[in-house]
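run-v3.txt follows; it contains compact mmCIF, C-alpha atoms.
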```txt
# COMPACT_ATOMS: atom_id res chain seq x y z
CA MET A 9 175.51 97.31 97.00
CA ASN A 10 173.98 93.93 96.28
CA ARG A 11 171.90 94.24 99.43
CA ASN A 12 170.50 97.60 98.28
CA ILE A 13 169.64 96.19 94.84
CA TYR A 14 167.91 93.20 96.44
CA TYR A 15 165.97 95.51 98.77
CA ARG A 16 164.81 97.78 95.95
CA LYS A 17 163.81 94.78 93.85
CA THR A 18 161.82 93.30 96.74
CA ARG A 19 160.10 96.61 97.41
CA ALA A 20 159.22 96.98 93.73
CA ILE A 21 157.70 93.50 93.59
CA GLU A 22 155.78 94.16 96.81
CA THR A 23 154.46 97.47 95.47
CA LEU A 24 153.43 95.84 92.20
CA MET A 25 151.58 93.01 93.96
CA MET A 26 149.78 95.39 96.34
CA THR A 27 148.76 97.56 93.38
CA MET A 28 147.37 94.51 91.57
CA ILE A 29 145.46 93.46 94.68
CA ARG A 30 143.95 96.94 95.04
CA VAL A 31 142.99 97.07 91.37
CA MET A 32 141.34 93.64 91.53
CA SER A 33 139.50 94.62 94.71
CA PHE A 34 138.17 97.80 93.08
CA ILE A 35 137.09 95.81 90.02
CA VAL A 36 135.15 93.32 92.16
CA ILE A 37 133.55 96.11 94.19
CA GLY A 38 132.75 97.96 90.98
CA PHE A 39 130.95 94.97 89.48
CA LEU A 40 129.04 94.48 92.73
CA VAL A 41 127.93 98.11 92.80
CA LEU A 42 127.02 97.93 89.11
CA ILE A 43 124.85 94.83 89.55
CA ILE A 44 123.10 96.10 92.69
CA GLY A 45 122.62 99.54 91.13
CA PHE A 46 121.12 98.04 87.96
CA ILE A 47 118.67 95.92 89.98
CA PHE A 48 117.74 98.88 92.19
CA ILE A 49 117.10 101.21 89.23
CA LYS A 50 114.92 98.60 87.55
CA GLY A 51 112.92 97.66 90.65
CA TYR A 52 112.83 100.49 93.18
CA ARG A 53 109.41 101.74 92.02
CA ALA A 54 107.88 98.39 93.00
CA ILE A 55 108.96 98.71 96.64
CA SER A 56 106.14 99.83 98.92
CA TRP A 57 104.46 98.77 102.13
CA ASP A 58 101.68 97.08 100.15
CA PHE A 59 104.28 95.22 98.09
CA LEU A 60 105.76 93.75 101.26
CA THR A 61 102.53 93.00 103.13
CA LYS A 62 99.86 92.05 100.56
CA MET A 63 99.02 88.83 98.74
CA PRO A 64 99.59 88.61 94.96
CA GLU A 65 96.63 89.77 92.91
CA ASN A 66 95.44 89.67 89.31
CA GLU A 67 97.67 86.79 88.15
CA MET A 68 100.60 88.21 90.18
CA THR A 69 100.67 91.44 88.14
CA GLU A 70 99.51 93.42 91.18
CA GLY A 71 99.54 93.13 94.95
CA GLY A 72 102.50 92.05 97.01
CA ILE A 73 104.91 89.24 97.82
CA LEU A 74 103.99 88.49 101.43
CA PRO A 75 103.63 84.69 100.84
CA ALA A 76 107.08 84.57 99.19
CA ILE A 77 108.69 86.46 102.08
CA ALA A 78 106.96 84.26 104.67
CA GLY A 79 107.82 81.07 102.76
CA THR A 80 111.48 82.07 102.56
CA PHE A 81 111.58 82.58 106.33
CA TYR A 82 109.85 79.24 106.94
CA LEU A 83 112.41 77.41 104.80
CA MET A 84 115.33 79.25 106.39
CA ALA A 85 114.09 78.44 109.89
CA GLY A 86 113.40 74.80 109.04
CA SER A 87 116.77 74.23 107.37
CA THR A 88 118.58 75.90 110.28
CA PHE A 89 116.72 73.76 112.81
CA ILE A 90 117.95 70.67 110.95
CA SER A 91 121.47 71.58 109.81
CA VAL A 92 122.85 73.56 112.77
CA PRO A 93 122.57 70.90 115.54
CA VAL A 94 123.70 68.08 113.25
CA GLY A 95 126.54 70.13 111.76
CA ILE A 96 127.88 71.38 115.10
CA ILE A 97 127.71 67.94 116.73
CA THR A 98 129.50 66.40 113.74
CA ALA A 99 132.22 69.05 113.80
CA VAL A 100 132.73 68.63 117.57
CA TYR A 101 133.07 64.88 117.14
CA LEU A 102 135.55 65.18 114.27
CA ASN A 103 137.71 67.79 115.98
CA GLU A 104 137.49 66.85 119.66
CA TYR A 105 136.78 63.11 119.86
CA ALA A 106 137.68 61.30 116.66
CA GLY A 107 141.43 61.95 116.70
CA ASN A 108 143.55 61.53 113.57
CA ARG A 109 142.26 58.21 112.35
CA LYS A 110 142.03 57.48 108.64
CA LEU A 111 138.23 57.36 108.88
CA VAL A 112 138.21 61.02 109.94
CA SER A 113 140.16 61.99 106.83
CA VAL A 114 137.69 60.09 104.68
CA ILE A 115 134.75 61.84 106.38
CA ARG A 116 136.35 65.26 105.92
CA MET A 117 137.01 64.50 102.26
CA GLY A 118 133.36 63.47 101.87
CA VAL A 119 132.19 66.71 103.51
CA ASN A 120 134.41 68.78 101.19
CA ASN A 121 133.11 66.91 98.14
CA LEU A 122 129.55 67.36 99.36
CA ALA A 123 130.09 71.13 99.47
CA GLY A 124 130.98 71.10 95.77
CA ILE A 125 127.91 69.23 94.53
CA PRO A 126 125.53 71.44 92.46
CA SER A 127 122.39 72.44 94.32
CA VAL A 128 120.16 70.91 91.64
CA VAL A 129 121.53 67.49 92.63
CA PHE A 130 120.39 68.12 96.20
CA GLY A 131 117.00 69.04 94.79
CA LEU A 132 116.75 65.72 92.95
CA PHE A 133 117.91 63.93 96.11
CA GLY A 134 115.20 65.67 98.14
CA LEU A 135 112.61 64.84 95.51
CA SER A 136 113.54 61.15 95.54
CA LEU A 137 113.87 60.73 99.31
CA PHE A 138 111.65 63.23 101.08
CA VAL A 139 108.93 63.90 98.51
CA THR A 140 108.55 60.45 96.95
CA LEU A 141 109.96 57.77 99.25
CA LEU A 142 108.95 59.29 102.61
CA ASP A 143 105.77 60.77 101.06
CA PHE A 144 106.17 64.26 102.54
CA ARG A 145 104.94 65.64 99.21
CA SER A 146 106.04 69.08 98.06
CA SER A 147 106.04 70.87 101.39
CA ILE A 148 107.89 73.04 103.88
CA LEU A 149 109.15 69.89 105.61
CA ALA A 150 110.62 68.37 102.45
CA GLY A 151 112.17 71.68 101.39
CA SER A 152 113.64 72.31 104.86
CA LEU A 153 115.18 68.84 105.00
CA THR A 154 116.69 69.29 101.55
CA LEU A 155 118.13 72.71 102.38
CA GLY A 156 119.35 71.32 105.71
CA VAL A 157 121.35 68.63 103.91
CA LEU A 158 122.60 71.24 101.44
CA ASN A 159 123.89 73.45 104.27
CA LEU A 160 125.51 70.69 106.34
CA PRO A 161 128.98 71.01 104.72
CA VAL A 162 129.02 74.77 105.38
CA ILE A 163 128.11 74.32 109.06
CA ILE A 164 130.55 71.45 109.58
CA ARG A 165 133.55 73.12 107.95
CA SER A 166 133.00 76.54 109.54
CA THR A 167 132.49 74.97 112.97
CA GLU A 168 135.61 72.85 112.59
CA GLU A 169 137.66 75.88 111.61
CA ALA A 170 136.29 77.77 114.62
CA LEU A 171 137.14 74.90 116.96
CA ILE A 172 140.68 74.68 115.60
CA THR A 173 141.29 78.34 116.49
CA VAL A 174 140.66 77.64 120.21
CA PRO A 175 144.13 77.19 121.80
CA ASP A 176 144.97 73.73 123.12
CA THR A 177 146.03 75.34 126.41
CA TYR A 178 142.35 76.03 127.13
CA ARG A 179 141.57 72.34 126.82
CA GLU A 180 144.58 71.30 128.89
CA ALA A 181 143.82 73.79 131.66
CA SER A 182 140.18 72.71 131.88
CA LEU A 183 141.07 69.02 132.02
CA ALA A 184 143.81 69.69 134.57
CA LEU A 185 141.24 71.34 136.86
CA GLY A 186 139.16 68.18 136.85
CA ALA A 187 136.57 68.97 134.19
CA THR A 188 135.36 66.15 131.97
CA LYS A 189 135.77 66.19 128.22
CA LEU A 190 132.10 67.07 127.75
CA GLN A 191 132.29 69.90 130.29
CA THR A 192 135.39 71.25 128.56
CA VAL A 193 133.68 71.22 125.18
CA TRP A 194 130.45 72.78 126.48
CA ASN A 195 131.85 75.41 128.85
CA ILE A 196 135.21 76.30 127.31
CA ILE A 197 135.60 75.33 123.67
CA LEU A 198 132.17 76.13 122.21
CA PRO A 199 131.87 79.60 123.83
CA ASN A 200 135.31 80.56 122.50
CA ALA A 201 134.49 79.19 119.05
CA LEU A 202 131.06 80.85 118.93
CA PRO A 203 132.02 83.81 116.68
CA GLY A 204 133.24 81.47 113.94
CA ILE A 205 130.23 79.17 114.37
CA LEU A 206 127.86 82.13 114.00
CA THR A 207 129.59 83.08 110.77
CA GLY A 208 128.90 79.63 109.33
CA ILE A 209 125.28 79.75 110.47
CA MET A 210 124.70 83.13 108.81
CA LEU A 211 126.33 81.92 105.60
CA SER A 212 124.04 78.89 105.59
CA LEU A 213 120.99 81.10 106.20
CA GLY A 214 121.93 83.31 103.28
CA ARG A 215 122.40 80.28 101.06
CA ALA A 216 119.06 78.81 102.12
CA ALA A 217 117.34 82.12 101.34
CA GLY A 218 118.81 82.33 97.84
CA GLU A 219 118.60 78.74 96.55
CA THR A 220 116.12 77.96 93.79
CA ALA A 221 116.86 74.48 92.45
CA PRO A 222 116.42 72.50 95.71
CA ILE A 223 113.06 74.07 96.59
CA MET A 224 111.84 73.88 93.00
CA PHE A 225 111.52 70.11 93.37
CA THR A 226 110.58 69.87 97.04
CA ALA A 227 108.66 72.87 98.39
CA ALA A 228 107.96 75.82 96.11
CA ALA A 229 104.62 76.62 94.56
CA TYR A 230 103.91 78.93 91.61
CA TRP A 231 101.16 80.64 93.57
CA THR A 232 99.29 80.04 96.83
CA PRO A 233 96.04 81.79 97.81
CA GLU A 234 96.97 82.02 101.49
CA LEU A 235 99.84 81.53 103.91
CA PRO A 236 100.72 77.92 104.82
CA SER A 237 99.09 76.47 107.91
CA SER A 238 101.32 73.41 108.45
CA ILE A 239 104.75 72.04 107.57
CA PHE A 240 103.11 69.80 104.95
CA ASP A 241 101.90 72.75 102.84
CA GLU A 242 103.61 74.14 99.77
CA VAL A 243 105.04 77.64 99.97
CA MET A 244 106.05 80.47 97.73
CA ALA A 245 109.66 81.61 98.11
CA LEU A 246 111.51 84.70 96.92
CA PRO A 247 114.09 83.06 94.58
CA TYR A 248 111.52 80.75 92.98
CA HIS A 249 109.04 83.63 92.71
CA ILE A 250 111.62 85.63 90.73
CA TYR A 251 112.30 82.60 88.52
CA VAL A 252 108.67 81.87 87.63
CA MET A 253 107.80 85.52 87.05
CA ALA A 254 110.78 85.98 84.73
CA THR A 255 110.43 82.74 82.78
CA ALA A 256 107.03 81.09 83.18
CA GLY A 257 104.63 83.93 83.93
CA THR A 258 101.90 85.04 81.55
CA HIS A 259 102.78 88.73 81.91
CA ILE A 260 106.58 88.71 81.91
CA GLN A 261 107.12 92.20 80.47
CA GLU A 262 104.35 93.82 82.52
CA THR A 263 105.77 92.45 85.77
CA ARG A 264 109.42 93.24 85.06
CA HIS A 265 109.58 95.90 87.78
CA LEU A 266 108.01 93.43 90.23
CA GLN A 267 110.70 90.88 89.39
CA TYR A 268 113.47 93.37 90.14
CA GLY A 269 111.61 94.58 93.23
CA THR A 270 111.51 91.02 94.55
CA ALA A 271 115.22 90.70 93.82
CA ILE A 272 115.86 93.86 95.89
CA VAL A 273 113.96 92.33 98.81
CA LEU A 274 115.96 89.10 98.55
CA ILE A 275 119.31 90.93 98.35
CA THR A 276 118.33 93.10 101.32
CA LEU A 277 117.37 90.01 103.32
CA VAL A 278 120.72 88.31 102.66
CA LEU A 279 122.59 91.54 103.41
CA LEU A 280 120.77 91.94 106.74
CA LEU A 281 121.62 88.35 107.64
CA ASN A 282 125.30 88.94 106.92
CA LEU A 283 125.34 92.20 108.88
CA THR A 284 123.63 90.46 111.80
CA GLY A 285 126.27 87.75 111.71
CA ILE A 286 129.07 90.34 111.67
CA PHE A 287 127.50 92.20 114.61
CA PHE A 288 127.09 89.12 116.80
CA ARG A 289 130.52 87.76 115.84
CA TYR A 290 132.14 91.06 116.86
CA ARG A 291 130.12 91.19 120.09
CA PHE A 292 130.93 87.63 121.14
CA ARG A 293 134.58 88.05 120.18
CA ARG A 294 134.89 91.14 122.39
CA LYS A 295 133.13 89.36 125.23
CA THR A 296 135.52 86.42 124.90
CA MET A 297 138.59 88.66 124.82
CA ASN A 298 137.45 90.55 127.93
CA ARG A 299 137.15 87.42 130.08
```
Re-express the file's structure as structure tokens.
Amino acid sequence: MNRNIYYRKTRAIETLMMTMIRVMSFIVIGFLVLIIGFIFIKGYRAISWDFLTKMPENEMTEGGILPAIAGTFYLMAGSTFISVPVGIITAVYLNEYAGNRKLVSVIRMGVNNLAGIPSVVFGLFGLSLFVTLLDFRSSILAGSLTLGVLNLPVIIRSTEEALITVPDTYREASLALGATKLQTVWNIILPNALPGILTGIMLSLGRAAGETAPIMFTAAAYWTPELPSSIFDEVMALPYHIYVMATAGTHIQETRHLQYGTAIVLITLVLLLNLTGIFFRYRFRRKTMNR
């Protein structure tokens, strides 16, 4: 009798918790759909081929956002070029070479704290170091370096988590067959951890595409008459373009649909990056499982 009462009570609690989880999930999804739907309704009429491929015209009240799209891609590529190699190498060292020394714990704590620092602080750091001290001026290079530092904690933590999921038996078998530590890491561990590493890279790309504060101080321009020709040029970028049009423009109300249209482009870009990451993660995971 007591066992039946305990079973029914456990089932009731489980049912209640699952119901709460489902309700919370639907609420989150509902808010997401509401926000995206609101932005789409406000900005869909701005979306056109000319909007995506032309330069801004008539004080940015007409024309397109080609420089902002190109500038966003430049900053994403530059930050990835900087943060991905450094982040992966750091994670490999911490997980495969450093052992369990106290210094490793201190480094991991520093990385976790770095991930919680507001992005505006990274912007001020980039302004002080890259723009002023190193005299890179407001440029693609300074913005890419700042975003690269911003994304380092994401790359390091995601890569570490991916490396941890690789079974120790893989390492032991490789070393037992005569492979060196470096060969084991390069040929065995990294390929098996690649799906998780790709997830971190895509997350960092999405963050780089959507950040405003770091590039505000280091790379972004209100308006540029042409596309940049070197890494020392300023660029327009989608998040900063939305910010200036909504707050500092001279025709804020007249360009409201352009602001929401730019937001649709930015959301679509981040969504495509996430879907690409999911696709490649699934593909590499299947390839790894079929070996």
| query | For Thr258 of chain A, which residue out of A:Tyr230, A:Ala170, A:Ala85, A:Thr276 is the nearest one, using only C-alpha atoms? | reply |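 Checking each candidate against Thr258 of chain A, we get A:Tyr230 as the closest.
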| query | Hey, which of A:Ala54, A:Ala216, A:Ile239, A:Ala229 ends up closest to Thr80 of chain A? Count only C-alpha atoms. | reply | A:Ala216
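For the pair atom CA of Asn66 of chain A and atom CA of Thr263 of chain A, the interatomic distance is 11.3 Å.
Going from atom CA of Phe240 of chain A to atom CA of Leu135 of chain A covers 14.3 Å.
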| message | My list of candidates is A:Thr69, A:Thr61, A:Arg116, A:Phe225. Which is closest to Ser146 of chain A when distances are computed with all atoms listed in the file? | response |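 Answer, going by the shortest atom-to-atom distance: A:Phe225.
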Which polymer residues, whether protein, DNA or RNA, lie within 7 Å of the coordinate (119.1, 85.7, 106.3) when you count all atoms listed in the file? List them as a short mmCIF file (atom, residue, chain, number, x, y, z; two decimals) with C-alpha atoms, in the coordinates of the input, using the chain letters and numbers from the file.
```cif
data_model
loop_
_atom_site.label_atom_id
_atom_site.label_comp_id
_atom_site.auth_asym_id
_atom_site.auth_seq_id
_atom_site.Cartn_x
_atom_site.Cartn_y
_atom_site.Cartn_z
CA MET A 210 124.70 83.13 108.81
CA LEU A 213 120.99 81.10 106.20
CA GLY A 214 121.93 83.31 103.28
CA ALA A 217 117.34 82.12 101.34
CA LEU A 277 117.37 90.01 103.32
CA VAL A 278 120.72 88.31 102.66
CA LEU A 280 120.77 91.94 106.74
CA LEU A 281 121.62 88.35 107.64
#
```
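Ranking A:Pro93, A:Ile205, A:Pro222, A:Met84 by their shortest atom-to-atom distance to Phe130 of chain A, with all atoms listed in the file included, puts A:Pro222 first.
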| message | Given all atoms listed in the file as the basis, pick out the residue of A:Pro247, A:Gly118, A:Gly51, A:Gly131 nearest to Gly218 of chain A. | response |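 Going through A:Pro247, A:Gly118, A:Gly51, A:Gly131 one by one, the smallest distance to Gly218 of chain A is for A:Pro247.
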| Expressed in Å to a single decimal, how great is the separation between atom CA of Arg289 of chain A and atom CA of Phe89 of chain A? |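 Atom CA of Arg289 of chain A sits 19.9 Å away from atom CA of Phe89 of chain A.
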| task | Tell me which of A:Arg165, A:Gly156, A:Ala256, A:Ile90 sits closest to Val119 of chain A, counting all atoms listed in the file. | result |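 Among A:Arg165, A:Gly156, A:Ala256, A:Ile90, it is A:Arg165 that comes nearest to Val119 of chain A.
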| What's the 10 Å shell around segment 191-204 of chain A, counting all atoms listed in the file, without same-chain residues fewer than 2 positions away, as a ChimeraX atom specification? | /A:96,100,104,166-176,178-183,186-189,206-209,285-297
| query | Hey, can you pull every residue with an atom no more than 12 Å from (120.5, 97.7, 88.7), using only C-alpha atoms, and send it as a ChimeraX atom specification? | reply | /A:39-52,265,267-269,271-272,275
I'd like the box whose edges run along x, y and z of the file and which contains every listed atom of segment 29-47 of chain A, padded by 4 Å per side; could you state its centre and edge lengths in Å, one decimal, as JSON?
```
{"center_x": 132.1, "center_y": 96.4, "center_z": 91.5, "size_x": 34.8, "size_y": 14.2, "size_z": 15.1}
```
| message | What's around Leu102 of chain A at 9 Å? Count only C-alpha atoms, leave out sequence neighbours fewer than 5 positions away in its own chain, and write the answer as a ChimeraX atom specification. | response | /A:97,107-108,112,115-116,168
Place N, CA and C atoms on segment 101-137 of chain A and deliver the coordinates as a short mmCIF file (atom, residue, chain, number, x, y, z; two decimals), in the frame of the given file.
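Done, and the output landed in out13.cif:
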```cif
data_model
loop_
_atom_site.label_atom_id
_atom_site.label_comp_id
_atom_site.auth_asym_id
_atom_site.auth_seq_id
_atom_site.Cartn_x
_atom_site.Cartn_y
_atom_site.Cartn_z
N TYR A 101 132.57 66.26 117.13
CA TYR A 101 133.07 64.88 117.14
C TYR A 101 134.35 64.75 116.34
N LEU A 102 134.37 65.31 115.14
CA LEU A 102 135.55 65.18 114.27
C LEU A 102 136.77 65.86 114.87
N ASN A 103 136.57 67.02 115.50
CA ASN A 103 137.71 67.79 115.98
C ASN A 103 138.13 67.44 117.41
N GLU A 104 137.18 67.03 118.24
CA GLU A 104 137.49 66.85 119.66
C GLU A 104 137.56 65.38 120.10
N TYR A 105 136.87 64.50 119.40
CA TYR A 105 136.78 63.11 119.86
C TYR A 105 137.39 62.10 118.92
N ALA A 106 137.32 62.35 117.62
CA ALA A 106 137.68 61.30 116.66
C ALA A 106 139.18 61.09 116.54
N GLY A 107 139.99 62.10 116.85
CA GLY A 107 141.43 61.95 116.70
C GLY A 107 141.87 62.06 115.25
N ASN A 108 142.98 61.43 114.91
CA ASN A 108 143.55 61.53 113.57
C ASN A 108 143.45 60.23 112.79
N ARG A 109 142.42 59.48 113.05
CA ARG A 109 142.26 58.21 112.35
C ARG A 109 141.96 58.42 110.87
N LYS A 110 142.24 57.39 110.08
CA LYS A 110 142.03 57.48 108.64
C LYS A 110 140.56 57.72 108.31
N LEU A 111 139.66 57.17 109.12
CA LEU A 111 138.23 57.36 108.88
C LEU A 111 137.86 58.84 108.93
N VAL A 112 138.49 59.59 109.82
CA VAL A 112 138.21 61.02 109.94
C VAL A 112 138.59 61.74 108.65
N SER A 113 139.73 61.38 108.09
CA SER A 113 140.16 61.99 106.83
C SER A 113 139.18 61.68 105.71
N VAL A 114 138.67 60.47 105.71
CA VAL A 114 137.69 60.09 104.68
C VAL A 114 136.40 60.90 104.86
N ILE A 115 135.96 61.07 106.12
CA ILE A 115 134.75 61.84 106.38
C ILE A 115 134.93 63.30 105.96
N ARG A 116 136.08 63.87 106.30
CA ARG A 116 136.35 65.26 105.92
C ARG A 116 136.39 65.41 104.39
N MET A 117 136.98 64.45 103.71
CA MET A 117 137.01 64.50 102.26
C MET A 117 135.60 64.42 101.69
N GLY A 118 134.75 63.57 102.31
CA GLY A 118 133.36 63.47 101.87
C GLY A 118 132.60 64.77 102.09
N VAL A 119 132.85 65.43 103.23
CA VAL A 119 132.19 66.71 103.51
C VAL A 119 132.62 67.77 102.49
N ASN A 120 133.91 67.81 102.18
CA ASN A 120 134.41 68.78 101.19
C ASN A 120 133.82 68.52 99.81
N ASN A 121 133.72 67.25 99.44
CA ASN A 121 133.11 66.91 98.14
C ASN A 121 131.63 67.25 98.13
N LEU A 122 130.98 67.05 99.27
CA LEU A 122 129.55 67.36 99.36
C LEU A 122 129.31 68.85 99.15
N ALA A 123 130.24 69.68 99.62
CA ALA A 123 130.09 71.13 99.47
C ALA A 123 130.19 71.56 98.01
N GLY A 124 130.82 70.74 97.17
CA GLY A 124 130.98 71.10 95.77
C GLY A 124 129.92 70.55 94.84
N ILE A 125 128.97 69.80 95.37
CA ILE A 125 127.91 69.23 94.53
C ILE A 125 126.92 70.33 94.14
N PRO A 126 126.51 70.42 92.87
CA PRO A 126 125.53 71.44 92.46
C PRO A 126 124.23 71.32 93.24
N SER A 127 123.60 72.44 93.50
CA SER A 127 122.39 72.44 94.32
C SER A 127 121.24 71.69 93.65
N VAL A 128 121.24 71.63 92.32
CA VAL A 128 120.16 70.91 91.64
C VAL A 128 120.20 69.43 91.98
N VAL A 129 121.41 68.89 92.24
CA VAL A 129 121.53 67.49 92.63
C VAL A 129 120.87 67.27 93.99
N PHE A 130 121.07 68.21 94.90
CA PHE A 130 120.39 68.12 96.20
C PHE A 130 118.88 68.18 96.02
N GLY A 131 118.43 68.99 95.06
CA GLY A 131 117.00 69.04 94.79
C GLY A 131 116.45 67.71 94.32
N LEU A 132 117.17 67.03 93.42
CA LEU A 132 116.75 65.72 92.95
C LEU A 132 116.80 64.69 94.08
N PHE A 133 117.82 64.81 94.94
CA PHE A 133 117.91 63.93 96.11
C PHE A 133 116.71 64.13 97.03
N GLY A 134 116.36 65.39 97.30
CA GLY A 134 115.20 65.67 98.14
C GLY A 134 113.91 65.18 97.52
N LEU A 135 113.80 65.32 96.20
CA LEU A 135 112.61 64.84 95.51
C LEU A 135 112.47 63.33 95.64
N SER A 136 113.58 62.61 95.48
CA SER A 136 113.54 61.15 95.54
C SER A 136 113.28 60.65 96.96
N LEU A 137 113.96 61.24 97.95
CA LEU A 137 113.87 60.73 99.31
C LEU A 137 112.69 61.30 100.08
#
```
